[in-house]
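Pasted below: entry-v5.pdb, PDB, C-alpha atoms and all ligand atoms.
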```
ATOM      1  CA  MET N 896       0.000   0.000   0.000  1.00  0.00           C
ATOM      2  CA  THR N 897       1.547   3.289  -1.027  1.00  0.00           C
ATOM      3  CA  ALA N 898      -1.052   6.031  -0.598  1.00  0.00           C
ATOM      4  CA  PRO N 899      -2.340   6.475   2.966  1.00  0.00           C
ATOM      5  CA  LEU N 900      -5.630   4.700   3.524  1.00  0.00           C
ATOM      6  CA  ASP N 901      -8.712   6.815   4.042  1.00  0.00           C
ATOM      7  CA  PHE N 902     -11.467   4.809   5.671  1.00  0.00           C
ATOM      8  CA  SER N 903     -15.102   5.804   5.818  1.00  0.00           C
ATOM      9  CA  LEU N 904     -17.412   4.424   8.494  1.00  0.00           C
ATOM     10  CA  THR N 905     -19.557   1.374   7.926  1.00  0.00           C
ATOM     11  CA  LEU N 906     -23.012   2.076   9.302  1.00  0.00           C
ATOM     12  CA  TYR N 907     -25.758  -0.209  10.562  1.00  0.00           C
ATOM     13  CA  PRO N 908     -27.193  -2.338   8.908  1.00  0.00           C
ATOM     14  CA  GLU N 909     -24.234  -3.026   6.555  1.00  0.00           C
ATOM     15  CA  PRO N 910     -23.908  -6.846   6.500  1.00  0.00           C
ATOM     16  CA  ILE N 911     -20.172  -6.831   7.301  1.00  0.00           C
ATOM     17  CA  LEU N 912     -21.055  -5.632  10.809  1.00  0.00           C
ATOM     18  CA  ARG N 913     -22.679  -9.053  11.326  1.00  0.00           C
ATOM     19  CA  HIS N 914     -19.654 -11.112  10.242  1.00  0.00           C
ATOM     20  CA  ILE N 915     -17.405 -12.928  12.654  1.00  0.00           C
ATOM     21  CA  ALA N 916     -14.150 -11.206  11.766  1.00  0.00           C
ATOM     22  CA  LYS N 917     -11.113 -13.243  10.708  1.00  0.00           C
ATOM     23  CA  PRO N 918      -7.821 -13.406  12.609  1.00  0.00           C
ATOM     24  CA  VAL N 919      -4.966 -11.263  11.346  1.00  0.00           C
ATOM     25  CA  ALA N 920      -2.324 -13.550   9.829  1.00  0.00           C
ATOM     26  CA  ALA N 921       0.561 -11.151   9.134  1.00  0.00           C
ATOM     27  CA  PHE N 922       1.975  -8.359  11.290  1.00  0.00           C
ATOM     28  CA  ASP N 923       3.269  -6.488   8.272  1.00  0.00           C
ATOM     29  CA  ALA N 924       3.286  -3.055   6.659  1.00  0.00           C
ATOM     30  CA  ASP N 925      -0.335  -3.482   5.539  1.00  0.00           C
ATOM     31  CA  LEU N 926      -1.403  -3.981   9.165  1.00  0.00           C
ATOM     32  CA  HIS N 927       0.502  -0.841  10.199  1.00  0.00           C
ATOM     33  CA  ALA N 928      -1.228   1.150   7.450  1.00  0.00           C
ATOM     34  CA  ILE N 929      -4.648  -0.196   8.447  1.00  0.00           C
ATOM     35  CA  VAL N 930      -4.142   0.582  12.144  1.00  0.00           C
ATOM     36  CA  ALA N 931      -2.873   4.111  11.392  1.00  0.00           C
ATOM     37  CA  ALA N 932      -5.912   4.778   9.205  1.00  0.00           C
ATOM     38  CA  MET N 933      -8.240   3.346  11.876  1.00  0.00           C
ATOM     39  CA  TYR N 934      -6.855   5.802  14.471  1.00  0.00           C
ATOM     40  CA  GLU N 935      -7.263   8.607  11.929  1.00  0.00           C
ATOM     41  CA  ARG N 936     -10.904   7.655  11.332  1.00  0.00           C
ATOM     42  CA  MET N 937     -11.610   7.212  15.063  1.00  0.00           C
ATOM     43  CA  ARG N 938     -10.214  10.670  15.883  1.00  0.00           C
ATOM     44  CA  LYS N 939     -11.947  12.420  12.973  1.00  0.00           C
ATOM     45  CA  SER N 940     -15.227  10.828  14.053  1.00  0.00           C
ATOM     46  CA  LYS N 941     -14.622  11.727  17.719  1.00  0.00           C
ATOM     47  CA  GLY N 942     -14.879   8.130  18.849  1.00  0.00           C
ATOM     48  CA  VAL N 943     -13.091   6.401  21.719  1.00  0.00           C
ATOM     49  CA  GLY N 944     -12.827   3.039  19.969  1.00  0.00           C
ATOM     50  CA  LEU N 945     -13.130   1.444  16.557  1.00  0.00           C
ATOM     51  CA  ALA N 946     -13.222  -2.121  15.279  1.00  0.00           C
ATOM     52  CA  ALA N 947     -12.016  -3.090  11.790  1.00  0.00           C
ATOM     53  CA  PRO N 948     -15.496  -4.183  10.562  1.00  0.00           C
ATOM     54  CA  GLN N 949     -16.596  -0.573  11.142  1.00  0.00           C
ATOM     55  CA  VAL N 950     -14.281   0.472   8.316  1.00  0.00           C
ATOM     56  CA  GLY N 951     -15.355  -2.432   6.115  1.00  0.00           C
ATOM     57  CA  LEU N 952     -12.550  -4.858   7.016  1.00  0.00           C
ATOM     58  CA  ASP N 953     -13.298  -8.414   8.028  1.00  0.00           C
ATOM     59  CA  GLN N 954     -10.347  -8.578  10.456  1.00  0.00           C
ATOM     60  CA  ARG N 955      -9.838  -8.894  14.211  1.00  0.00           C
ATOM     61  CA  ILE N 956      -8.322  -5.480  14.927  1.00  0.00           C
ATOM     62  CA  LEU N 957      -9.392  -2.948  17.587  1.00  0.00           C
ATOM     63  CA  VAL N 958      -8.078   0.525  18.290  1.00  0.00           C
ATOM     64  CA  LEU N 959      -9.139   2.587  21.280  1.00  0.00           C
ATOM     65  CA  ASN N 960      -8.238   5.602  23.322  1.00  0.00           C
ATOM     66  CA  SER N 961     -10.202   6.444  26.441  1.00  0.00           C
ATOM     67  CA  THR N 962      -8.656   9.868  27.151  1.00  0.00           C
ATOM     68  CA  GLY N 963      -7.717  11.512  23.860  1.00  0.00           C
ATOM     69  CA  GLU N 964      -4.031  11.529  24.903  1.00  0.00           C
ATOM     70  CA  PRO N 965      -1.805   9.902  22.236  1.00  0.00           C
ATOM     71  CA  GLU N 966       0.032   7.816  24.873  1.00  0.00           C
ATOM     72  CA  ASP N 967      -3.271   6.113  25.723  1.00  0.00           C
ATOM     73  CA  ASP N 968      -3.673   4.580  22.263  1.00  0.00           C
ATOM     74  CA  LEU N 969      -4.360   0.868  22.658  1.00  0.00           C
ATOM     75  CA  THR N 970      -4.193  -1.461  19.662  1.00  0.00           C
ATOM     76  CA  LEU N 971      -5.454  -5.020  20.144  1.00  0.00           C
ATOM     77  CA  VAL N 972      -4.933  -7.525  17.344  1.00  0.00           C
ATOM     78  CA  ASN N 973      -6.661 -10.912  17.518  1.00  0.00           C
ATOM     79  CA  PRO N 974      -7.999 -10.140  21.008  1.00  0.00           C
ATOM     80  CA  GLU N 975      -9.676 -12.707  23.207  1.00  0.00           C
ATOM     81  CA  ILE N 976     -11.624 -11.796  26.323  1.00  0.00           C
ATOM     82  CA  VAL N 977     -10.562 -14.628  28.623  1.00  0.00           C
ATOM     83  CA  ALA N 978     -12.468 -13.458  31.715  1.00  0.00           C
ATOM     84  CA  ARG N 979     -15.016 -10.883  32.762  1.00  0.00           C
ATOM     85  CA  SER N 980     -15.494  -9.943  36.396  1.00  0.00           C
ATOM     86  CA  GLY N 981     -16.563  -7.235  38.777  1.00  0.00           C
ATOM     87  CA  ASP N 982     -19.921  -5.649  39.378  1.00  0.00           C
ATOM     88  CA  PRO N 983     -22.253  -5.325  36.420  1.00  0.00           C
ATOM     89  CA  THR N 984     -22.414  -1.628  35.583  1.00  0.00           C
ATOM     90  CA  LEU N 985     -24.754   0.407  33.404  1.00  0.00           C
ATOM     91  CA  PHE N 986     -23.304   2.956  30.990  1.00  0.00           C
ATOM     92  CA  ASP N 987     -24.789   5.051  28.216  1.00  0.00           C
ATOM     93  CA  GLU N 988     -23.012   3.693  25.128  1.00  0.00           C
ATOM     94  CA  GLY N 989     -22.841   5.110  21.639  1.00  0.00           C
ATOM     95  CA  CYS N 990     -21.338   3.554  18.518  1.00  0.00           C
ATOM     96  CA  LEU N 991     -19.865   5.162  15.409  1.00  0.00           C
ATOM     97  CA  SER N 992     -21.913   2.710  13.318  1.00  0.00           C
ATOM     98  CA  PHE N 993     -25.139   4.035  14.960  1.00  0.00           C
ATOM     99  CA  PRO N 994     -24.861   7.825  14.676  1.00  0.00           C
ATOM    100  CA  GLY N 995     -27.067   9.662  17.153  1.00  0.00           C
ATOM    101  CA  ILE N 996     -28.136   6.505  19.002  1.00  0.00           C
ATOM    102  CA  TYR N 997     -27.346   5.859  22.666  1.00  0.00           C
ATOM    103  CA  ALA N 998     -28.428   3.129  25.014  1.00  0.00           C
ATOM    104  CA  GLU N 999     -27.707   2.055  28.571  1.00  0.00           C
ATOM    105  CA  ILE N1000     -25.836  -1.230  28.357  1.00  0.00           C
ATOM    106  CA  ARG N1001     -25.022  -3.489  31.295  1.00  0.00           C
ATOM    107  CA  ARG N1002     -21.559  -5.061  31.333  1.00  0.00           C
ATOM    108  CA  PRO N1003     -19.205  -6.454  33.999  1.00  0.00           C
ATOM    109  CA  ASP N1004     -16.731  -3.827  35.205  1.00  0.00           C
ATOM    110  CA  ARG N1005     -13.532  -5.742  34.450  1.00  0.00           C
ATOM    111  CA  CYS N1006     -12.192  -7.902  31.635  1.00  0.00           C
ATOM    112  CA  THR N1007      -8.996  -9.825  31.075  1.00  0.00           C
ATOM    113  CA  VAL N1008      -7.721  -9.779  27.528  1.00  0.00           C
ATOM    114  CA  ARG N1009      -5.153 -11.749  25.581  1.00  0.00           C
ATOM    115  CA  ALA N1010      -4.133 -10.180  22.305  1.00  0.00           C
ATOM    116  CA  PHE N1011      -1.163  -9.145  20.185  1.00  0.00           C
ATOM    117  CA  ASP N1012       0.227  -5.683  19.634  1.00  0.00           C
ATOM    118  CA  ILE N1013       0.853  -4.334  16.147  1.00  0.00           C
ATOM    119  CA  GLU N1014       4.303  -5.997  16.053  1.00  0.00           C
ATOM    120  CA  GLY N1015       2.877  -9.389  16.982  1.00  0.00           C
ATOM    121  CA  ARG N1016       4.069  -9.326  20.599  1.00  0.00           C
ATOM    122  CA  PRO N1017       1.639 -10.998  23.021  1.00  0.00           C
ATOM    123  CA  ILE N1018      -0.332  -8.805  25.438  1.00  0.00           C
ATOM    124  CA  GLN N1019      -2.185  -9.992  28.510  1.00  0.00           C
ATOM    125  CA  ALA N1020      -3.897  -7.309  30.565  1.00  0.00           C
ATOM    126  CA  GLU N1021      -6.823  -6.660  32.852  1.00  0.00           C
ATOM    127  CA  TYR N1022      -8.889  -3.561  32.180  1.00  0.00           C
ATOM    128  CA  SER N1023     -11.503  -1.883  34.358  1.00  0.00           C
ATOM    129  CA  GLY N1024     -13.837   1.085  34.204  1.00  0.00           C
ATOM    130  CA  PHE N1025     -14.112   3.034  30.965  1.00  0.00           C
ATOM    131  CA  VAL N1026     -11.290   1.207  29.145  1.00  0.00           C
ATOM    132  CA  SER N1027     -12.894  -2.150  29.964  1.00  0.00           C
ATOM    133  CA  ARG N1028     -16.214  -0.796  28.737  1.00  0.00           C
ATOM    134  CA  ILE N1029     -14.679   0.237  25.394  1.00  0.00           C
ATOM    135  CA  VAL N1030     -12.784  -3.060  25.006  1.00  0.00           C
ATOM    136  CA  GLN N1031     -15.967  -5.080  25.596  1.00  0.00           C
ATOM    137  CA  HIS N1032     -17.994  -2.921  23.185  1.00  0.00           C
ATOM    138  CA  GLU N1033     -15.350  -3.111  20.435  1.00  0.00           C
ATOM    139  CA  TYR N1034     -14.785  -6.820  20.991  1.00  0.00           C
ATOM    140  CA  ASP N1035     -18.509  -7.366  20.349  1.00  0.00           C
ATOM    141  CA  HIS N1036     -17.964  -5.936  16.843  1.00  0.00           C
ATOM    142  CA  LEU N1037     -15.513  -8.749  16.040  1.00  0.00           C
ATOM    143  CA  GLU N1038     -18.240 -11.253  16.916  1.00  0.00           C
ATOM    144  CA  GLY N1039     -20.897  -9.458  14.875  1.00  0.00           C
ATOM    145  CA  VAL N1040     -22.703  -8.267  18.008  1.00  0.00           C
ATOM    146  CA  LEU N1041     -24.063  -4.722  17.906  1.00  0.00           C
ATOM    147  CA  LEU N1042     -25.453  -2.065  20.221  1.00  0.00           C
ATOM    148  CA  VAL N1043     -28.956  -2.850  18.987  1.00  0.00           C
ATOM    149  CA  ASP N1044     -28.606  -6.456  20.251  1.00  0.00           C
ATOM    150  CA  ARG N1045     -27.727  -5.373  23.768  1.00  0.00           C
ATOM    151  CA  MET N1046     -30.331  -2.609  24.137  1.00  0.00           C
ATOM    152  CA  SER N1047     -33.193  -2.946  26.559  1.00  0.00           C
ATOM    153  CA  PRO N1048     -36.645  -3.090  24.933  1.00  0.00           C
ATOM    154  CA  THR N1049     -37.239   0.428  26.295  1.00  0.00           C
ATOM    155  CA  ASP N1050     -34.117   1.805  24.628  1.00  0.00           C
ATOM    156  CA  LYS N1051     -35.009  -0.003  21.415  1.00  0.00           C
ATOM    157  CA  LEU N1052     -38.422   1.636  21.418  1.00  0.00           C
ATOM    158  CA  ARG N1053     -36.943   5.051  22.254  1.00  0.00           C
ATOM    159  CA  ASN N1054     -34.461   4.710  19.352  1.00  0.00           C
ATOM    160  CA  ARG N1055     -36.878   3.080  16.925  1.00  0.00           C
ATOM    161  CA  ALA N1056     -37.226   6.037  14.549  1.00  0.00           C
ATOM    162  CA  ALA N1057     -33.445   6.559  14.381  1.00  0.00           C
ATOM    163  CA  LEU N1058     -32.866   2.834  13.744  1.00  0.00           C
ATOM    164  CA  GLU N1059     -35.504   2.768  11.001  1.00  0.00           C
ATOM    165  CA  GLU N1060     -33.902   5.832   9.421  1.00  0.00           C
ATOM    166  CA  LEU N1061     -30.514   4.054   9.280  1.00  0.00           C
ATOM    167  CA  VAL N1062     -32.128   1.048   7.584  1.00  0.00           C
ATOM    168  CA  ALA N1063     -33.927   3.311   5.098  1.00  0.00           C
ATOM    169  CA  ARG N1064     -30.701   5.185   4.343  1.00  0.00           C
ATOM    170  CA  TYR N1065     -28.888   1.894   3.743  1.00  0.00           C
ATOM    171  CA  LYS N1066     -31.613   0.693   1.364  1.00  0.00           C
ATOM    172  CA  ARG N1067     -31.500   3.952  -0.579  1.00  0.00           C
ATOM    173  CA  ALA N1068     -27.701   3.793  -0.908  1.00  0.00           C
ATOM    174  CA  ALA N1069     -27.437   0.101  -1.770  1.00  0.00           C
ATOM    175  CA  PRO N1070     -30.751  -1.147  -3.178  1.00  0.00           C
ATOM    176  CA  ALA N1071     -29.171  -4.112  -4.989  1.00  0.00           C
ATOM    177  CA  LYS N1072     -27.604  -5.504  -1.817  1.00  0.00           C
ATOM    178  CA  THR N1073     -30.874  -5.722   0.069  1.00  0.00           C
ATOM    179  CA  ARG N1074     -32.638  -7.977  -2.431  1.00  0.00           C
TER
HETATM  180 CO    CO L   1     -19.492   0.237  18.150  1.00  0.00          CO
END
```
Since I need it in another form, could you write the structure as structure tokens?
Amino acid sequence: MTAPLDFSLTLYPEPILRHIAKPVAAFDADLHAIVAAMYERMRKSKGVGLAAPQVGLDQRILVLNSTGEPEDDLTLVNPEIVARSGDPTLFDEGCLSFPGIYAEIRRPDRCTVRAFDIEGRPIQAEYSGFVSRIVQHEYDHLEGVLLVDRMSPTDKLRNRAALEELVARYKRAAPAKTR
């Protein structure tokens, strides 16, 4: 890849968001270019986390940053959540693939993750609080699980018009794909 990548966001209900993403096989220059472009897209979109399927890539890559400080960038390649623990907490989550939609989602406070960094070095870490929240949300994307699946019926009802609008927009943009 020579020119820098410029990713746009994949919005609900694009089918790729429902795929189980595939493990990254090579920790090469292409991966570096993809990760750099994912951070670029996350920052431009004012997100705190992004999963590769959200930029149309069927790969197990997450980038996140809970503070906005460059030193807090966290790249997780081929992550596995090996344990979840701590009190279940409620938090108002958004998602770059669901613009304007928020819902209170219950998740355990802590998670233990095994993954690789961008160079292919193994990572094992326990996260809590906001970082754990982001990791669990982004990890869901790699399994094809979306905000809409975890919403309470009340939140689904409250967001119904916005969800229907996203579906309508998708059908207008890609009529052939929906048939
Ligand atoms: Co999301």
- request: List all protein, DNA and RNA residues that have any atom at most 9 Å from ligand CO 1 (chain L), counting all atoms listed in the file, and write the list as a count of residues only.
  value: 18
field: Exercise: stretch 906-920 of chain N partners within 8 Å, all atoms listed in the file, chain neighbours under 6 positions left out, as a VMD selection string
entry: chain N and resid 948 to 949 951 to 956 972 to 973 991 to 993 1036 to 1041 1061 to 1062 1065
query: Using only C-alpha atoms, which of the listed residues (N:Pro899, N:Gly942, N:Gly1015, N:Pro1003) sits closest to N:Ser980?
result: N:Pro1003
The PyMOL selection byres (((chain N and resi 986) around 9) and not hetatm) resolved against shown file, as a CSV table (one decimal) with C-alpha atoms, in the coordinates of the input:
```csv
chain,number,residue,atom,x,y,z
N,984,THR,CA,-22.4,-1.6,35.6
N,985,LEU,CA,-24.8,0.4,33.4
N,987,ASP,CA,-24.8,5.1,28.2
N,988,GLU,CA,-23.0,3.7,25.1
N,998,ALA,CA,-28.4,3.1,25.0
N,999,GLU,CA,-27.7,2.1,28.6
N,1000,ILE,CA,-25.8,-1.2,28.4
N,1001,ARG,CA,-25.0,-3.5,31.3
N,1002,ARG,CA,-21.6,-5.1,31.3
N,1028,ARG,CA,-16.2,-0.8,28.7
```
- prompt: Can you find the residues with an atom no farther than 10 Å from (-11.3, -11.5, 28.2), counting all atoms listed in the file, and report them as a ChimeraX atom specification?
  reply: /N:974-980,1005-1010,1019-1022,1027,1030-1031,1034
Preceding selection exported with C-alpha atoms as a PDB file, in the coordinates of the input:
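Below is the file that was written, again.pdb:
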```pdb
ATOM      1  CA  PRO N 974      -7.999 -10.140  21.008  1.00  0.00           C
ATOM      2  CA  GLU N 975      -9.676 -12.707  23.207  1.00  0.00           C
ATOM      3  CA  ILE N 976     -11.624 -11.796  26.323  1.00  0.00           C
ATOM      4  CA  VAL N 977     -10.562 -14.628  28.623  1.00  0.00           C
ATOM      5  CA  ALA N 978     -12.468 -13.458  31.715  1.00  0.00           C
ATOM      6  CA  ARG N 979     -15.016 -10.883  32.762  1.00  0.00           C
ATOM      7  CA  SER N 980     -15.494  -9.943  36.396  1.00  0.00           C
ATOM      8  CA  ARG N1005     -13.532  -5.742  34.450  1.00  0.00           C
ATOM      9  CA  CYS N1006     -12.192  -7.902  31.635  1.00  0.00           C
ATOM     10  CA  THR N1007      -8.996  -9.825  31.075  1.00  0.00           C
ATOM     11  CA  VAL N1008      -7.721  -9.779  27.528  1.00  0.00           C
ATOM     12  CA  ARG N1009      -5.153 -11.749  25.581  1.00  0.00           C
ATOM     13  CA  ALA N1010      -4.133 -10.180  22.305  1.00  0.00           C
ATOM     14  CA  GLN N1019      -2.185  -9.992  28.510  1.00  0.00           C
ATOM     15  CA  ALA N1020      -3.897  -7.309  30.565  1.00  0.00           C
ATOM     16  CA  GLU N1021      -6.823  -6.660  32.852  1.00  0.00           C
ATOM     17  CA  TYR N1022      -8.889  -3.561  32.180  1.00  0.00           C
ATOM     18  CA  SER N1027     -12.894  -2.150  29.964  1.00  0.00           C
ATOM     19  CA  VAL N1030     -12.784  -3.060  25.006  1.00  0.00           C
ATOM     20  CA  GLN N1031     -15.967  -5.080  25.596  1.00  0.00           C
ATOM     21  CA  TYR N1034     -14.785  -6.820  20.991  1.00  0.00           C
TER      22      TYR N1034
END
```
message: For this structure, which residues satisfy the selection - the PyMOL selection byres (((chain N and resi 922) around 6) and not hetatm) - when it is evaluated on the file as given? I want them as a ChimeraX atom specification.
response: /N:921,923,926,1014-1015
Test item: the PyMOL selection byres (((chain N and resi 933) around 12) and not hetatm) resolved as number ranges by chain: N: 899-904, 926-932, 934-940, 942-952, 956-960, 968-970
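Taking all atoms listed in the file into account, N:Ala1056 lies nearest to N:Gly995 out of the set N:Pro965, N:Pro983, N:Gly1024, N:Gly995.
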message: As an exercise, work out the distance from atom CA of N:Ala1057 to atom CA of N:Pro994 in Å and give it to one decimal place.
response: 8.7 Å
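The residue that comes closest to N:Gly963, out of N:Lys941, N:Leu1052, N:Val1043, N:Ala1069 and on the basis of all atoms listed in the file, is N:Lys941.
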field: Two-atom distance - atom CA of N:Asp1050, atom CA of N:Ala1063 (Å)
entry: 19.6 Å
